[in-house]
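Have a look at the structure below, then the notes.
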Amino acid sequence: MNALTWLFLLALALATATRLWLALRQIRHVGAHAGAVPETFADAIPLSAHRKAADYTAAKARLGMLDVAIGAAVVLALTVGGLLQALSEAWAAAFAPGSLAHGTALLLSVFFVQAIVSLPLAFYRTFVLEQRFGFNRMTLGLFLADLAKQTALALAIGVPLILAVLWLMQRMGGYWWLYVWLVVTAFTLVFQLIFAPVILPLFNKLTPITEGELAGRVARLLERCGFKSSGLYLMDGSKRSSHGNAFFAGFGAGKRIVLFDTLVERLEPAEVEAVLAHELGHYKLHHIVKMLVLGAALSLAGLFILGQLIGEPWFYSGLGVRTPGTAAALALFMLVVPEFTFFLHPLTSLYSRRREYEADAYARLHADARCLVQALVKLYKDNAATLTPDPLHSAFYDSHPPAAMRIARLRAP
Ligand SMILES: [Zn+2]
């Protein structure tokens with residue numbers, strides 16, 4: 001126990017209390033506004049759908065509160081609770097302490113503990129909560145197959161990365177953090193590149209869309225915007241959930257446009273086109289590149305700070321670890337940083353909401369703004385997304401502006 005212990009406990013308590021308080025505010029706010037559909041949506045969304053959205057939002061927030069409480073308990077147990085130290089000692093029976101094998105086993109066991117603890121909630125979310133509101137399409141078999149594939153993939157990708165990072169930390173002297181940053185950044189870029197062509201097909205079937213009204217509309221939209229893509233694909237998202245979505249993946253000429261089948265089923269081709277114009281806006285306005293640059297800058301700052309902490313005995317003893325080491329330092333850092341940076345959330349959310357308005361403005365120029373409004377209304381209705389979020393909860397977390405504000409801007413002359 002030292003000053004860091006108290007500082008960390010204070011940060012954890014403040015962040016956890018704020019997360020719970022925001023969730024309570026959200027539950028109360030949507031409940032208080034469940035009785036009447038906001039004016040903007042009065043023609044398009046029936047009261048029953050509005051009520052369902054309120055119930056769904058509140059149910060998700062309640063489950064989120066449980067998630068927050070469990071997450072805080074796990075972080076507490078692993079750090080000052082001494083679990084990380086206990087795991088390190090247990091692995092010392094099999095591998096020499098300080099070796100790459102020992103460090104890798106320690107980090108994997110931390111991830112494993114977190115994954116195991118979050119599993120029951122993930123199960124509940126899919127088979128109870130989503131099921132109750134009619135969104136779940138996942139079978140138990142698919143849930144287990146996904147879990148097995150995700151675990152295998154995480155190990156196949158994660159183990160070499162952990163080995164590389166630990167090796168650099170031990171061999172590269174005082175500037176190890178710079179080398180680790182280069183490797184992690186390169187890894188992130190490669191992951192972005194292989195995500196759509198390699199990883200996505202492991203979980204979903206992707207069918208190229210080459211004919212029909214939609215393909216024609218998309219081709220003309222891309223032409224108008226001067227955008228090259230390596231194809232338009234339909235993804236069978238409906239085998240997991242009835243929530244709809246669309247996204248772009250990849251870089252350069254290898255970019256793929258992926259549409260969930262659930263989106264294409266519900267929206268008219270002109271509405272899909274407008275949604276895609278919005279997504280195209282994110283690309284054309286360099287939002288993706290900016291996010292990657294911002295992420296790289298933040299990870300450089302984080303690794304630099306860890307570079308300063310790693311040699312300090314108080315960093316370990318303050319967080320429940322008696323035997324310092326590179327893997328323990330990495331694990332502690334990953335566990336405690338989110339508690340210290342939680343109050344930066346409103347800033348990143350604000351940044352993201354600005355990008356959404358910019359992408360909407362782009363969509364207005366290159367597609368029909370009325371179609372984007374119609375698409376948004378349909379998506380809010382079908383996904384039971386709340387139209388009346390608590391303003392503070394929204395300011396903290398929401399990456400997208402509230403629907404009414406987006407629509408007001410899209411309708412403005
Ligand atoms: Zn967007």
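Identifiers in the structure tokens: chain A, B, ... in order shown; residue index from 1 per chain; ligand index from 1 in order shown.
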Could you give me, as JSON lines, every chain A residue with an atom at most 8 Å from ligand 1, plus its closest atom pair and distance in Å to one decimal, counting only C-alpha atoms and all ligand atoms, rows ordered by chain then number?
{"residue": "A:His278", "atom": "CA", "partner": "ligand 1", "partner_atom_place_in_ligand_line": "1 (Zn)", "distance": 6.2}
{"residue": "A:Glu279", "atom": "CA", "partner": "ligand 1", "partner_atom_place_in_ligand_line": "1 (Zn)", "distance": 5.8}
{"residue": "A:His282", "atom": "CA", "partner": "ligand 1", "partner_atom_place_in_ligand_line": "1 (Zn)", "distance": 6.6}
{"residue": "A:Arg355", "atom": "CA", "partner": "ligand 1", "partner_atom_place_in_ligand_line": "1 (Zn)", "distance": 7.2}
{"residue": "A:Glu356", "atom": "CA", "partner": "ligand 1", "partner_atom_place_in_ligand_line": "1 (Zn)", "distance": 4.8}
{"residue": "A:Ala359", "atom": "CA", "partner": "ligand 1", "partner_atom_place_in_ligand_line": "1 (Zn)", "distance": 6.2}
{"residue": "A:Asp360", "atom": "CA", "partner": "ligand 1", "partner_atom_place_in_ligand_line": "1 (Zn)", "distance": 7.5}
{"residue": "A:His400", "atom": "CA", "partner": "ligand 1", "partner_atom_place_in_ligand_line": "1 (Zn)", "distance": 7.2}
Under the rule of at most 8 Å, produce a per-residue listing of region 129-153 of chain A near region 238-241 of chain A: chain, number, name, the closest pair of atoms, and the distance in Å, as JSON lines, using only C-alpha atoms.
{"residue": "A:Phe135", "atom": "CA", "partner": "A:Ser241", "partner_atom": "CA", "distance": 5.5}
{"residue": "A:Asn136", "atom": "CA", "partner": "A:Ser241", "partner_atom": "CA", "distance": 4.8}
{"residue": "A:Arg137", "atom": "CA", "partner": "A:Arg240", "partner_atom": "CA", "distance": 4.7}
{"residue": "A:Met138", "atom": "CA", "partner": "A:Arg240", "partner_atom": "CA", "distance": 4.4}
{"residue": "A:Thr139", "atom": "CA", "partner": "A:Arg240", "partner_atom": "CA", "distance": 7.9}
Near-region 362-366 of chain A list (7 Å; only C-alpha atoms; drop same-chain fewer than 5 positions) as a PDB file with N, CA and C atoms, in the first residue's frame:
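So the final result, stored in result.pdb, reads:
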ATOM      1  N   ALA A 274     -28.369   6.286 -49.392  1.00  0.00           N
ATOM      2  CA  ALA A 274     -28.123   7.447 -48.536  1.00  0.00           C
ATOM      3  C   ALA A 274     -27.269   7.071 -47.320  1.00  0.00           C
ATOM      4  N   ALA A 277     -23.832   6.754 -48.520  1.00  0.00           N
ATOM      5  CA  ALA A 277     -23.231   8.065 -48.773  1.00  0.00           C
ATOM      6  C   ALA A 277     -22.664   8.638 -47.472  1.00  0.00           C
ATOM      7  N   HIS A 278     -23.380   8.390 -46.366  1.00  0.00           N
ATOM      8  CA  HIS A 278     -22.891   8.818 -45.059  1.00  0.00           C
ATOM      9  C   HIS A 278     -21.573   8.090 -44.716  1.00  0.00           C
ATOM     10  N   GLY A 281     -18.805   9.371 -46.621  1.00  0.00           N
ATOM     11  CA  GLY A 281     -18.364  10.643 -46.046  1.00  0.00           C
ATOM     12  C   GLY A 281     -17.254  10.424 -45.030  1.00  0.00           C
TER      13      GLY A 281
END
**OP:** Find the residues near region 27-40 of chain A: any atom within 9 Å, counting only C-alpha atoms, skip ones fewer than 4 places away on the same chain, and give them as a VMD selection string.
**Re:** chain A and resid 22 to 23 44 to 47 50 to 55 57 to 59 61 to 62 386 to 391 404 407 to 408
Original post:
Can you list, as number ranges by chain, every residue of region 247-404 of chain A that DSSP puts in helix (DSSP H, G or I)?
Top reply: A: 252-254, 261-266, 269-284, 287-309, 313-317, 326-366, 369-382, 391-397, 403-404
**OP:** Please provide as a PyMOL selection string all residues within 10 Å of Arg220 (chain A), with the sequence filter that same-chain residues fewer than 6 positions apart are discarded (counting only C-alpha atoms).
**Re:** chain A and resi 214+226+273
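Going from CA of Lys378 (chain A) to CA of Ala42 (chain A) covers 12.9 Å.
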Subject >> Residue contacts of Leu76 (chain A) (10 Å, only C-alpha atoms) excluding same-chain residues fewer than 5 positions away, as number ranges by chain >> reply: A: 8-9, 12, 70-71, 81-83, 319-320, 335-336
**OP:** Tell me, in Å to one decimal, how far CA of Ser109 (chain A) is from CA of Ser88 (chain A).
**Re:** 9.4 Å
Subject >> For Gly311 (chain A): contacts at 12 Å, only C-alpha atoms, fewer than 6 positions along chain excluded, given as a PyMOL selection string >> reply: chain A and resi 169-170+173-174+305+317+324-326+328-329
May I have the selected residues written with C-alpha atoms, as an mmCIF file, in the first residue's frame?
data_model
loop_
_atom_site.group_PDB
_atom_site.id
_atom_site.type_symbol
_atom_site.label_atom_id
_atom_site.label_comp_id
_atom_site.auth_asym_id
_atom_site.auth_seq_id
_atom_site.Cartn_x
_atom_site.Cartn_y
_atom_site.Cartn_z
ATOM 1 C CA MET A 169 10.538 -4.856 -23.619
ATOM 2 C CA GLN A 170 13.328 -7.037 -22.292
ATOM 3 C CA GLY A 173 16.782 -0.991 -23.245
ATOM 4 C CA GLY A 174 15.354 2.384 -22.217
ATOM 5 C CA ILE A 305 4.272 6.602 -19.534
ATOM 6 C CA SER A 317 3.792 -2.539 -4.779
ATOM 7 C CA PRO A 324 8.167 -6.776 -10.649
ATOM 8 C CA GLY A 325 8.445 -7.872 -14.274
ATOM 9 C CA THR A 326 7.619 -6.744 -17.803
ATOM 10 C CA ALA A 328 3.166 -7.769 -14.738
ATOM 11 C CA ALA A 329 3.827 -4.120 -15.642
#
**OP:** Name the closest residue to Phe396 (chain A) among the candidates A:Arg224, A:Arg354, A:His345, A:Lys284; distances are taken between atoms, counting only C-alpha atoms.
**Re:** A:His345
